[in-house]
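For reference, model-v8.tsv is printed below; it contains TSV, C-alpha atoms.
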```
chain	number	residue	atom	x	y	z
A	1	MET	CA	-15.07	-24.10	18.35
A	2	PRO	CA	-15.66	-21.65	15.46
A	3	ARG	CA	-17.79	-18.63	16.21
A	4	ALA	CA	-21.25	-18.43	14.68
A	5	PRO	CA	-21.40	-16.06	11.70
A	6	LEU	CA	-22.60	-12.55	12.38
A	7	ARG	CA	-25.49	-12.07	9.94
A	8	VAL	CA	-25.74	-8.48	8.70
A	9	SER	CA	-27.23	-6.61	5.75
A	10	ALA	CA	-25.07	-5.39	2.88
A	11	GLU	CA	-25.73	-1.84	4.07
A	12	ALA	CA	-24.44	-2.64	7.57
A	13	ALA	CA	-21.38	-4.41	6.13
A	14	ARG	CA	-20.56	-1.42	3.95
A	15	ARG	CA	-20.82	0.97	6.90
A	16	PHE	CA	-18.56	-1.34	8.89
A	17	HIS	CA	-16.07	-1.48	6.03
A	18	ARG	CA	-15.83	2.31	5.77
A	19	ARG	CA	-15.35	2.71	9.52
A	20	ALA	CA	-12.88	-0.13	9.93
A	21	VAL	CA	-10.50	1.10	7.21
A	22	LEU	CA	-10.55	4.61	8.77
A	23	LEU	CA	-12.49	6.43	6.02
A	24	ASP	CA	-14.94	8.01	8.47
A	25	THR	CA	-12.73	9.18	11.33
A	26	PRO	CA	-9.23	10.23	10.20
A	27	ALA	CA	-6.31	9.32	12.45
A	28	ALA	CA	-3.99	11.87	14.01
A	29	SER	CA	-0.81	10.71	12.27
A	30	VAL	CA	0.74	8.54	9.56
A	31	GLY	CA	2.13	6.28	12.28
A	32	ALA	CA	-1.36	5.68	13.68
A	33	VAL	CA	-2.61	4.56	10.25
A	34	LEU	CA	0.38	2.24	9.77
A	35	ALA	CA	-0.28	0.73	13.19
A	36	HIS	CA	-3.95	0.19	12.31
A	37	LEU	CA	-3.63	-1.10	8.74
A	38	GLY	CA	-0.30	-2.92	9.12
A	39	TYR	CA	1.21	-1.31	6.02
A	40	VAL	CA	0.54	1.21	3.26
A	41	GLN	CA	1.29	0.35	-0.36
A	42	VAL	CA	3.87	2.53	-2.10
A	43	ASP	CA	3.75	3.25	-5.84
A	44	PRO	CA	5.84	5.78	-7.82
A	45	ILE	CA	3.33	6.59	-10.59
A	46	ASN	CA	2.36	10.25	-10.27
A	47	ILE	CA	-0.47	11.17	-12.62
A	48	CYS	CA	-2.70	13.00	-10.16
A	49	GLY	CA	-0.80	12.23	-6.96
A	50	ARG	CA	0.90	9.03	-5.84
A	51	MET	CA	-0.92	5.93	-4.60
A	52	HIS	CA	0.24	6.16	-0.99
A	53	ASP	CA	-0.71	9.83	-0.79
A	54	HIS	CA	-4.21	9.05	-2.11
A	55	ILE	CA	-4.58	6.29	0.49
A	56	LEU	CA	-3.39	8.45	3.39
A	57	ARG	CA	-4.97	11.81	2.58
A	58	ASN	CA	-8.39	10.27	3.33
A	59	ARG	CA	-7.16	8.79	6.62
A	60	VAL	CA	-4.79	11.27	8.28
A	61	ALA	CA	-6.00	14.61	9.57
A	62	GLY	CA	-4.07	17.42	7.87
A	63	TYR	CA	-2.10	15.06	5.63
A	64	ARG	CA	0.15	16.80	3.07
A	65	GLU	CA	1.47	15.41	-0.17
A	66	GLY	CA	4.69	13.52	0.60
A	67	ASP	CA	4.05	13.08	4.34
A	68	LEU	CA	4.53	9.32	4.17
A	69	MET	CA	8.04	9.73	2.75
A	70	ARG	CA	8.81	12.33	5.40
A	71	HIS	CA	7.57	9.89	8.06
A	72	LEU	CA	9.76	7.12	6.63
A	73	HIS	CA	12.92	9.00	5.78
A	74	GLY	CA	12.86	12.41	7.45
A	75	ASP	CA	12.17	15.90	6.16
A	76	GLY	CA	15.22	17.10	4.23
A	77	GLN	CA	17.80	15.57	6.57
A	78	PRO	CA	18.27	11.79	6.92
A	79	LEU	CA	16.85	10.27	10.08
A	80	ALA	CA	19.35	9.36	12.76
A	81	LEU	CA	19.82	5.65	13.37
A	82	GLY	CA	17.25	4.49	15.88
A	83	ARG	CA	14.71	7.20	15.04
A	84	ARG	CA	13.22	5.61	11.93
A	85	PRO	CA	9.63	4.49	12.76
A	86	ALA	CA	9.05	2.45	9.60
A	87	PHE	CA	10.76	1.23	6.43
A	88	GLU	CA	10.04	0.20	2.84
A	89	HIS	CA	10.10	-3.36	1.58
A	90	HIS	CA	8.18	-5.99	-0.36
A	91	ILE	CA	5.32	-8.05	1.01
A	92	PRO	CA	6.68	-11.61	1.20
A	93	ASP	CA	6.10	-13.70	-1.93
A	94	SER	CA	5.37	-10.60	-4.01
A	95	ASN	CA	6.97	-7.56	-5.62
A	96	ILE	CA	4.48	-5.25	-3.89
A	97	LEU	CA	6.39	-2.42	-2.20
A	98	VAL	CA	4.89	-1.12	1.04
A	99	SER	CA	5.81	0.88	4.12
A	100	PHE	CA	6.00	-1.39	7.19
A	101	PRO	CA	6.32	-0.65	10.91
A	102	LEU	CA	9.67	-1.87	12.26
A	103	GLU	CA	8.23	-5.01	13.87
A	104	ALA	CA	7.52	-6.48	10.42
A	105	TRP	CA	11.24	-7.02	9.70
A	106	PRO	CA	11.75	-10.58	11.02
A	107	HIS	CA	8.76	-11.85	9.04
A	108	LEU	CA	10.36	-10.66	5.78
A	109	ARG	CA	13.64	-12.52	6.21
A	110	ARG	CA	12.46	-15.93	5.00
A	111	ALA	CA	11.19	-14.42	1.73
A	112	MET	CA	14.46	-12.51	1.31
A	113	LYS	CA	16.46	-15.73	1.55
A	114	LEU	CA	14.13	-17.50	-0.87
A	115	ARG	CA	14.61	-14.78	-3.48
A	116	THR	CA	18.35	-15.46	-3.54
A	117	ARG	CA	17.59	-18.99	-4.78
A	118	THR	CA	14.77	-18.34	-7.24
A	119	SER	CA	14.80	-17.17	-10.83
A	120	SER	CA	13.40	-13.68	-11.32
A	121	ALA	CA	14.69	-10.85	-13.48
A	122	TRP	CA	13.54	-8.30	-10.91
A	123	SER	CA	14.24	-9.82	-7.50
A	124	GLY	CA	15.68	-13.33	-7.90
A	125	ARG	CA	19.20	-14.69	-7.69
A	126	LEU	CA	22.06	-12.55	-8.95
A	127	THR	CA	23.38	-13.35	-12.39
A	128	GLY	CA	27.12	-13.96	-12.75
A	129	ARG	CA	27.69	-10.38	-13.91
A	130	GLU	CA	25.51	-8.97	-11.11
A	131	ARG	CA	27.29	-11.09	-8.50
A	132	GLU	CA	30.65	-9.82	-9.72
A	133	PHE	CA	29.38	-6.22	-9.65
A	134	ALA	CA	27.69	-6.54	-6.22
A	135	GLY	CA	30.97	-6.51	-4.30
A	136	ARG	CA	31.94	-3.18	-5.87
A	137	LEU	CA	28.49	-1.74	-5.19
A	138	LEU	CA	28.47	-2.71	-1.54
A	139	ALA	CA	31.99	-1.34	-1.06
A	140	GLU	CA	31.05	1.99	-2.67
A	141	ILE	CA	27.97	2.36	-0.49
A	142	ALA	CA	29.94	1.40	2.63
A	143	GLY	CA	32.46	4.13	1.84
A	144	ARG	CA	30.29	6.86	0.35
A	145	GLY	CA	26.94	6.41	2.09
A	146	PRO	CA	23.49	6.13	0.45
A	147	LEU	CA	23.62	5.94	-3.35
A	148	SER	CA	21.16	5.65	-6.21
A	149	SER	CA	21.77	3.73	-9.43
A	150	GLY	CA	22.43	7.01	-11.23
A	151	GLN	CA	25.36	7.79	-8.92
A	152	ILE	CA	27.24	4.58	-9.69
A	153	GLU	CA	29.32	4.60	-12.83
A	154	ASP	CA	28.42	1.69	-15.08
A	155	ASP	CA	27.14	1.93	-18.64
A	156	ARG	CA	26.61	-1.80	-19.13
A	157	SER	CA	23.04	-2.96	-19.59
A	158	SER	CA	21.47	-5.90	-17.83
A	159	THR	CA	18.74	-7.42	-20.02
A	160	ARG	CA	15.74	-8.34	-17.88
A	161	SER	CA	12.87	-10.12	-19.60
A	162	GLY	CA	9.46	-8.67	-18.80
A	163	TRP	CA	10.85	-5.42	-17.41
A	164	GLY	CA	12.84	-4.09	-20.36
A	165	ASP	CA	16.49	-3.14	-20.21
A	166	SER	CA	18.14	-1.66	-17.15
A	167	SER	CA	21.65	-0.67	-16.20
A	168	LEU	CA	23.68	-3.31	-14.42
A	169	ALA	CA	23.88	-1.01	-11.41
A	170	LYS	CA	20.10	-0.64	-11.20
A	171	SER	CA	19.30	-4.34	-11.54
A	172	THR	CA	21.98	-5.30	-9.01
A	173	LEU	CA	20.83	-2.70	-6.49
A	174	GLN	CA	17.22	-3.85	-6.82
A	175	LYS	CA	18.13	-7.47	-6.23
A	176	LEU	CA	20.37	-6.65	-3.26
A	177	PHE	CA	17.41	-4.73	-1.83
A	178	ALA	CA	15.03	-7.65	-2.46
A	179	HIS	CA	17.51	-9.93	-0.68
A	180	GLY	CA	17.76	-7.60	2.34
A	181	ARG	CA	21.43	-6.76	1.77
A	182	LEU	CA	20.55	-3.11	1.10
A	183	LEU	CA	17.62	-0.98	2.25
A	184	ILE	CA	16.10	2.29	1.11
A	185	ALA	CA	17.66	4.92	3.35
A	186	ARG	CA	15.87	7.91	1.81
A	187	ARG	CA	14.52	9.21	-1.47
A	188	ASP	CA	15.74	12.04	-3.67
A	189	LYS	CA	12.72	13.24	-5.66
A	190	HIS	CA	11.35	9.72	-5.26
A	191	ARG	CA	14.60	8.14	-6.52
A	192	ARG	CA	15.67	5.37	-4.18
A	193	MET	CA	18.87	5.94	-2.20
A	194	TYR	CA	20.22	2.61	-0.91
A	195	ASP	CA	22.34	2.00	2.17
A	196	LEU	CA	23.54	-0.90	4.30
A	197	PRO	CA	20.82	-2.34	6.61
A	198	GLU	CA	22.84	-1.61	9.76
A	199	ARG	CA	22.78	2.10	8.88
A	200	VAL	CA	19.02	2.10	8.29
A	201	LEU	CA	17.46	-0.11	10.97
A	202	PRO	CA	18.42	-0.41	14.65
A	203	ALA	CA	20.57	-3.39	15.64
A	204	GLU	CA	17.83	-4.71	17.94
A	205	ILE	CA	15.44	-4.93	14.97
A	206	LEU	CA	17.96	-6.55	12.62
A	207	GLY	CA	18.87	-9.01	15.37
A	208	LEU	CA	15.34	-10.32	15.95
A	209	ALA	CA	15.11	-14.06	15.46
A	210	GLU	CA	13.54	-15.30	12.24
A	211	PRO	CA	10.05	-16.72	12.99
A	212	SER	CA	8.98	-20.16	11.84
A	213	GLY	CA	7.31	-20.49	8.47
A	214	GLU	CA	3.95	-21.08	10.16
A	215	ASP	CA	4.33	-18.01	12.37
A	216	THR	CA	5.06	-15.84	9.31
A	217	ALA	CA	2.12	-17.38	7.44
A	218	ARG	CA	-0.10	-16.49	10.41
A	219	TRP	CA	1.34	-12.97	10.47
A	220	LEU	CA	0.55	-12.57	6.76
A	221	ALA	CA	-3.04	-13.69	7.31
A	222	VAL	CA	-3.42	-11.21	10.16
A	223	MET	CA	-1.89	-8.48	7.96
A	224	LYS	CA	-4.53	-9.24	5.32
A	225	LEU	CA	-7.27	-8.81	7.95
A	226	ARG	CA	-5.74	-5.63	9.32
A	227	GLN	CA	-5.17	-4.11	5.89
A	228	ARG	CA	-8.62	-4.76	4.39
A	229	ARG	CA	-10.67	-5.35	7.57
A	230	LEU	CA	-13.40	-7.40	5.79
A	231	VAL	CA	-11.97	-10.25	3.75
A	232	THR	CA	-12.34	-13.68	2.25
A	233	LEU	CA	-9.90	-16.24	3.66
A	234	LYS	CA	-8.41	-19.33	2.09
A	235	ARG	CA	-8.79	-22.55	4.05
A	236	ALA	CA	-5.12	-22.53	5.06
A	237	GLU	CA	-5.37	-18.90	6.24
A	238	LEU	CA	-8.51	-19.60	8.27
A	239	ARG	CA	-6.81	-22.52	10.01
A	240	LEU	CA	-4.04	-20.18	11.18
A	241	VAL	CA	-6.26	-17.37	12.48
A	242	ALA	CA	-9.49	-19.18	13.45
A	243	GLY	CA	-9.25	-17.98	17.06
A	244	LEU	CA	-8.83	-14.34	16.03
A	245	VAL	CA	-11.65	-13.85	13.55
A	246	GLN	CA	-15.38	-13.27	13.47
A	247	PRO	CA	-17.22	-14.85	10.50
A	248	VAL	CA	-19.62	-12.44	8.77
A	249	ALA	CA	-22.53	-13.56	6.59
A	250	VAL	CA	-23.98	-11.17	4.00
A	251	ASP	CA	-26.53	-12.27	1.41
A	252	GLY	CA	-25.00	-12.49	-2.04
A	253	CYS	CA	-21.40	-12.46	-0.72
A	254	PRO	CA	-18.86	-15.23	-0.18
A	255	PRO	CA	-18.03	-16.07	3.47
A	256	LEU	CA	-16.41	-12.98	4.97
A	257	PHE	CA	-14.25	-12.49	8.05
A	258	CYS	CA	-13.11	-9.62	10.26
A	259	LEU	CA	-10.96	-9.50	13.36
A	260	GLN	CA	-12.89	-10.22	16.55
A	261	GLU	CA	-11.70	-6.89	17.93
A	262	ASP	CA	-13.36	-5.11	14.99
A	263	ALA	CA	-16.80	-6.69	15.44
A	264	ALA	CA	-17.96	-3.80	17.65
A	265	TRP	CA	-17.82	-1.58	14.55
A	266	PHE	CA	-21.00	-3.30	13.36
A	267	GLU	CA	-22.92	-1.68	16.23
A	268	PRO	CA	-24.90	1.42	15.14
A	269	PRO	CA	-23.14	4.64	16.26
A	270	ALA	CA	-24.66	6.45	19.21
A	271	ARG	CA	-26.45	9.73	18.63
A	272	GLY	CA	-23.91	12.53	18.33
A	273	ASP	CA	-21.08	10.11	17.53
A	274	ALA	CA	-18.75	11.33	14.76
A	275	ARG	CA	-19.59	8.08	12.98
A	276	ALA	CA	-23.34	8.81	12.93
A	277	ALA	CA	-25.15	7.07	10.10
A	278	ASP	CA	-26.28	10.30	8.48
A	279	ASP	CA	-22.83	11.90	8.67
A	280	LEU	CA	-20.64	9.73	6.45
A	281	ARG	CA	-17.76	11.64	4.88
A	282	GLY	CA	-18.03	12.07	1.17
A	283	PRO	CA	-18.02	12.01	-1.65
A	284	LEU	CA	-14.44	10.72	-1.52
A	285	LEU	CA	-12.05	9.94	-4.35
A	286	VAL	CA	-10.69	6.51	-3.46
A	287	ALA	CA	-7.17	5.35	-4.31
A	288	PRO	CA	-7.04	2.70	-7.07
A	289	LEU	CA	-5.40	0.25	-4.62
A	290	ASP	CA	-7.24	1.47	-1.52
A	291	PRO	CA	-7.81	-1.17	1.19
A	292	LEU	CA	-11.58	-0.65	0.78
A	293	ILE	CA	-11.56	-1.92	-2.81
A	294	TYR	CA	-8.36	-3.96	-3.04
A	295	ASP	CA	-10.13	-7.32	-3.05
A	296	ARG	CA	-12.06	-7.33	-6.35
A	297	ARG	CA	-14.25	-10.24	-5.21
A	298	VAL	CA	-15.44	-8.36	-2.12
A	299	THR	CA	-15.78	-5.08	-4.03
A	300	ARG	CA	-17.90	-6.77	-6.67
A	301	SER	CA	-20.14	-8.82	-4.35
A	302	LEU	CA	-20.53	-6.43	-1.40
A	303	TRP	CA	-20.28	-3.04	-3.11
A	304	GLY	CA	-21.68	-4.00	-6.52
A	305	PHE	CA	-18.69	-2.34	-8.18
A	306	ASP	CA	-16.43	-4.21	-10.59
A	307	TYR	CA	-13.22	-2.20	-10.67
A	308	THR	CA	-9.73	-2.82	-12.03
A	309	TRP	CA	-6.82	-0.40	-11.86
A	310	GLU	CA	-5.85	0.04	-15.50
A	311	ALA	CA	-2.47	1.79	-15.34
A	312	TYR	CA	-0.81	-1.38	-16.64
A	313	THR	CA	-3.64	-2.32	-19.03
A	314	PRO	CA	-3.05	-1.64	-22.75
A	315	ALA	CA	-4.81	1.60	-23.72
A	316	ALA	CA	-7.15	-0.13	-26.17
A	317	LYS	CA	-8.46	-2.41	-23.42
A	318	ARG	CA	-9.08	0.21	-20.75
A	319	LYS	CA	-12.69	0.72	-19.65
A	320	ARG	CA	-12.24	3.58	-17.19
A	321	GLY	CA	-8.89	5.23	-17.86
A	322	TYR	CA	-5.23	5.19	-16.94
A	323	TYR	CA	-5.66	6.46	-13.36
A	324	ALA	CA	-9.41	6.40	-12.73
A	325	LEU	CA	-10.33	7.04	-9.09
A	326	PRO	CA	-13.51	5.37	-7.77
A	327	ILE	CA	-16.04	7.69	-6.12
A	328	LEU	CA	-17.39	6.72	-2.68
A	329	ALA	CA	-20.66	8.42	-1.71
A	330	GLY	CA	-22.12	7.23	1.57
A	331	THR	CA	-22.37	3.44	1.35
A	332	GLU	CA	-22.16	3.31	-2.43
A	333	LEU	CA	-19.44	3.39	-5.05
A	334	VAL	CA	-21.15	5.54	-7.65
A	335	GLY	CA	-18.65	5.86	-10.50
A	336	HIS	CA	-15.15	7.01	-11.29
A	337	VAL	CA	-13.21	10.02	-12.53
A	338	ASP	CA	-9.97	9.83	-14.53
A	339	LEU	CA	-7.75	12.81	-13.68
A	340	LYS	CA	-4.40	14.17	-14.79
A	341	ALA	CA	-2.27	16.82	-13.09
A	342	TYR	CA	-0.57	19.39	-15.33
A	343	ARG	CA	1.80	20.81	-12.76
A	344	GLU	CA	3.64	23.02	-15.23
A	345	ILE	CA	0.44	25.09	-15.66
A	346	GLY	CA	-0.95	24.44	-12.18
A	347	LYS	CA	-4.10	22.59	-13.23
A	348	LEU	CA	-5.86	19.30	-12.47
A	349	ARG	CA	-7.97	18.25	-15.43
A	350	VAL	CA	-10.73	15.69	-15.83
A	351	VAL	CA	-9.82	13.29	-18.65
A	352	SER	CA	-13.08	11.34	-18.37
A	353	ARG	CA	-15.72	10.44	-15.82
A	354	ARG	CA	-18.71	8.20	-15.34
A	355	LEU	CA	-21.08	8.98	-12.50
A	356	ARG	CA	-24.42	7.60	-11.41
A	357	ARG	CA	-27.31	10.00	-11.94
A	358	GLY	CA	-27.97	12.30	-8.98
A	359	HIS	CA	-24.37	12.39	-7.73
A	360	ARG	CA	-21.74	15.11	-8.05
A	361	VAL	CA	-17.96	14.89	-8.01
A	362	ALA	CA	-16.87	18.51	-8.55
A	363	ALA	CA	-16.29	19.20	-4.84
A	364	ALA	CA	-14.13	16.09	-4.45
A	365	VAL	CA	-12.07	17.05	-7.52
A	366	ARG	CA	-11.56	20.56	-6.14
A	367	ASP	CA	-10.47	19.05	-2.82
A	368	LEU	CA	-7.87	16.88	-4.55
A	369	ALA	CA	-6.68	19.83	-6.62
A	370	GLY	CA	-6.17	21.86	-3.45
A	371	PHE	CA	-4.26	18.95	-1.88
A	372	LEU	CA	-1.94	18.90	-4.91
A	373	GLY	CA	-1.58	22.70	-4.95
A	374	LEU	CA	-3.42	22.95	-8.28
A	375	ARG	CA	-6.59	24.47	-9.72
A	376	ALA	CA	-9.40	22.13	-10.80
```
Just give me the structure as structure tokens.
Amino acid sequence: MPRAPLRVSAEAARRFHRRAVLLDTPAASVGAVLAHLGYVQVDPINICGRMHDHILRNRVAGYREGDLMRHLHGDGQPLALGRRPAFEHHIPDSNILVSFPLEAWPHLRRAMKLRTRTSSAWSGRLTGREREFAGRLLAEIAGRGPLSSGQIEDDRSSTRSGWGDSSLAKSTLQKLFAHGRLLIARRDKHRRMYDLPERVLPAEILGLAEPSGEDTARWLAVMKLRQRRLVTLKRAELRLVAGLVQPVAVDGCPPLFCLQEDAAWFEPPARGDARAADDLRGPLLVAPLDPLIYDRRVTRSLWGFDYTWEAYTPAAKRKRGYYALPILAGTELVGHVDLKAYREIGKLRVVSRRLRRGHRVAAAVRDLAGFLGLRA
């Protein structure tokens, strides 16, 4: 029988949301955040820091720029087989690249197989030319070790609608990765270095049985709950996880759900608790794809903040800026600041900002500048 909805105020739901996505009490390590959230999204754009570093610097005590990549791939020297705690791959049925704990692997296999049969310029079936080239690529990597597209000699282009032109080597490597025939073994200045799966993941992980389609669908619904902590669910998702969730009712919001194990976070913190109501961390600059604001419907209805990341929006249509970071102050999202790092002169500059009256963002900008090794 479904649980009765937990009826809470918008203020209480916002406090819960902050706590549950680890914005109030940072974790001790990157691994602890991955275990809690299920994954962390990876994005290469580096205007004022990369997406994953923005997400993690607010959640990991003492986090340094690049720590996620060091956690995934080692610090300078490649990780020995069996010592890798996590890996990079796409969320099933998407081209969203994330860092996953090892136990996610079997749930990705069905999507990998499906990509080999679908039409997609970025991750679908190999073209005839790519299929012919794939054998040479795999043989080179088997003999030479991890390689990037720039280390494989081939000047032929592979036209890919929607993504522009790419070398044949690059498009073939990307598809072999999407199909699970290659994995990212490490990164060289963020450039992907691909290797054979058996030299990246332990045999016991690669050998795990592929779950049923329903089991993977349930896993994906649980990942959504773990990643965002307060979510809307489609009817099919709710059917799969009904015994694991607590319905939450907030005036003015669509039906919301959290994991039953998270419901205790709605209780007011005890006096002296690090989560005390008058001791919320902030103001914080929030990542454009942060779990707190990822679901635009929840962000708009619960937080009263209509936000879109505009990095891929034509310049003339942008409302906030190329890499505008929302500003979280207490239980309110009070504006945004668009920043750009000029590393050659050691400065972080404000391109534009919009801030609700009575709030300040200078301290948060200085904090980000210090994180990036720059001056505000």
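With distances restricted to all atoms listed in the file, A:Val248 is the closest residue to A:Ser9 from A:Leu325, A:Val298, A:Val248, A:Leu348.
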Fewer than 2 positions away in the same chain doesn't count, so skip those; otherwise give me all residues within 12 Å of stretch 355-365 of chain A, counting all atoms listed in the file, as an mmCIF file with C-alpha atoms, in the coordinates of the input.
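File written: part_26.cif
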```
data_model
loop_
_atom_site.group_PDB
_atom_site.id
_atom_site.type_symbol
_atom_site.label_atom_id
_atom_site.label_comp_id
_atom_site.auth_asym_id
_atom_site.auth_seq_id
_atom_site.Cartn_x
_atom_site.Cartn_y
_atom_site.Cartn_z
ATOM 1 C CA CYS A 48 -2.700 13.000 -10.160
ATOM 2 C CA ASN A 58 -8.390 10.270 3.330
ATOM 3 C CA ARG A 281 -17.760 11.640 4.880
ATOM 4 C CA GLY A 282 -18.030 12.070 1.170
ATOM 5 C CA PRO A 283 -18.020 12.010 -1.650
ATOM 6 C CA LEU A 284 -14.440 10.720 -1.520
ATOM 7 C CA LEU A 285 -12.050 9.940 -4.350
ATOM 8 C CA VAL A 286 -10.690 6.510 -3.460
ATOM 9 C CA PHE A 305 -18.690 -2.340 -8.180
ATOM 10 C CA ARG A 320 -12.240 3.580 -17.190
ATOM 11 C CA ALA A 324 -9.410 6.400 -12.730
ATOM 12 C CA LEU A 325 -10.330 7.040 -9.090
ATOM 13 C CA PRO A 326 -13.510 5.370 -7.770
ATOM 14 C CA ILE A 327 -16.040 7.690 -6.120
ATOM 15 C CA LEU A 328 -17.390 6.720 -2.680
ATOM 16 C CA ALA A 329 -20.660 8.420 -1.710
ATOM 17 C CA GLY A 330 -22.120 7.230 1.570
ATOM 18 C CA GLU A 332 -22.160 3.310 -2.430
ATOM 19 C CA LEU A 333 -19.440 3.390 -5.050
ATOM 20 C CA VAL A 334 -21.150 5.540 -7.650
ATOM 21 C CA GLY A 335 -18.650 5.860 -10.500
ATOM 22 C CA HIS A 336 -15.150 7.010 -11.290
ATOM 23 C CA VAL A 337 -13.210 10.020 -12.530
ATOM 24 C CA ASP A 338 -9.970 9.830 -14.530
ATOM 25 C CA LEU A 339 -7.750 12.810 -13.680
ATOM 26 C CA LYS A 340 -4.400 14.170 -14.790
ATOM 27 C CA ALA A 341 -2.270 16.820 -13.090
ATOM 28 C CA LYS A 347 -4.100 22.590 -13.230
ATOM 29 C CA LEU A 348 -5.860 19.300 -12.470
ATOM 30 C CA ARG A 349 -7.970 18.250 -15.430
ATOM 31 C CA VAL A 350 -10.730 15.690 -15.830
ATOM 32 C CA VAL A 351 -9.820 13.290 -18.650
ATOM 33 C CA SER A 352 -13.080 11.340 -18.370
ATOM 34 C CA ARG A 353 -15.720 10.440 -15.820
ATOM 35 C CA ASP A 367 -10.470 19.050 -2.820
ATOM 36 C CA LEU A 368 -7.870 16.880 -4.550
ATOM 37 C CA ALA A 369 -6.680 19.830 -6.620
ATOM 38 C CA GLY A 370 -6.170 21.860 -3.450
ATOM 39 C CA PHE A 371 -4.260 18.950 -1.880
ATOM 40 C CA LEU A 372 -1.940 18.900 -4.910
ATOM 41 C CA LEU A 374 -3.420 22.950 -8.280
ATOM 42 C CA ARG A 375 -6.590 24.470 -9.720
ATOM 43 C CA ALA A 376 -9.400 22.130 -10.800
#
```
Residue with the minimum atom-to-atom distance to A:Arg14, picked from A:Leu302, A:Leu79, A:Ala311, A:Ala316 with all atoms listed in the file counted, is A:Leu302
Give me, as a compact mmCIF listing (two decimals) with C-alpha atoms, in the coordinates of the input, all polymer residues having an atom no more than 9 Å from A:Lys224, counting all atoms listed in the file and skipping those fewer than 4 positions away in the same chain.
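Written file, part33.txt:
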```txt
# COMPACT_ATOMS: atom_id res chain seq x y z
CA LEU A 37 -3.63 -1.10 8.74
CA GLY A 38 -0.30 -2.92 9.12
CA TRP A 219 1.34 -12.97 10.47
CA LEU A 220 0.55 -12.57 6.76
CA ARG A 228 -8.62 -4.76 4.39
CA ARG A 229 -10.67 -5.35 7.57
CA VAL A 231 -11.97 -10.25 3.75
CA LEU A 233 -9.90 -16.24 3.66
```
Nearest to A:Leu176 among A:Glu103, A:Asp43, A:Asp75, A:Asp195, with distances taken over only C-alpha atoms: which residue is it?
A:Asp195
Which residue out of A:Arg15, A:Ala4, A:Arg136, A:Lys175 has the minimum interatomic distance to A:Leu292 when only C-alpha atoms are used?
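Of all the options, A:Arg15 lies closest to A:Leu292.
The two atoms in question, atom CA of A:His71 and atom CA of A:Tyr312, are spaced 28.4 Å apart.
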Rank A:Gly150, A:Gly252, A:Pro197, A:Gly49 by their smallest atom-to-atom distance to A:Gly373, using only C-alpha atoms, and report the top residue only.
A:Gly49
Padding 8 Å on every side, please: axis-aligned box over the listed atoms of stretch 331-346 of chain A, centre and edge lengths to one decimal in Å, as AutoDock Vina command-line options.
```
--center_x -9.4 --center_y 14.2 --center_z -7.2 --size_x 42.0 --size_y 37.8 --size_z 33.0
```
Need to verify the contact set: A:Leu208, 10 Å, all atoms listed in the file, exclusion of same-chain residues closer than 6 positions in sequence. Can you return it as a PyMOL selection string?
chain A and resi 103+105-107
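Each of A:Ser149, A:Phe133, A:Val200, A:Gly66 was compared to A:Asn46 using only C-alpha atoms, and A:Gly66 turns out to be the nearest.
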Can you list, as a VMD selection string, every protein, DNA or RNA residue that comes within 9 Å of A:Leu56 when you count all atoms listed in the file, leaving out same-chain residues fewer than 5 positions away?
chain A and resid 30 33 40 51 63 67 to 68
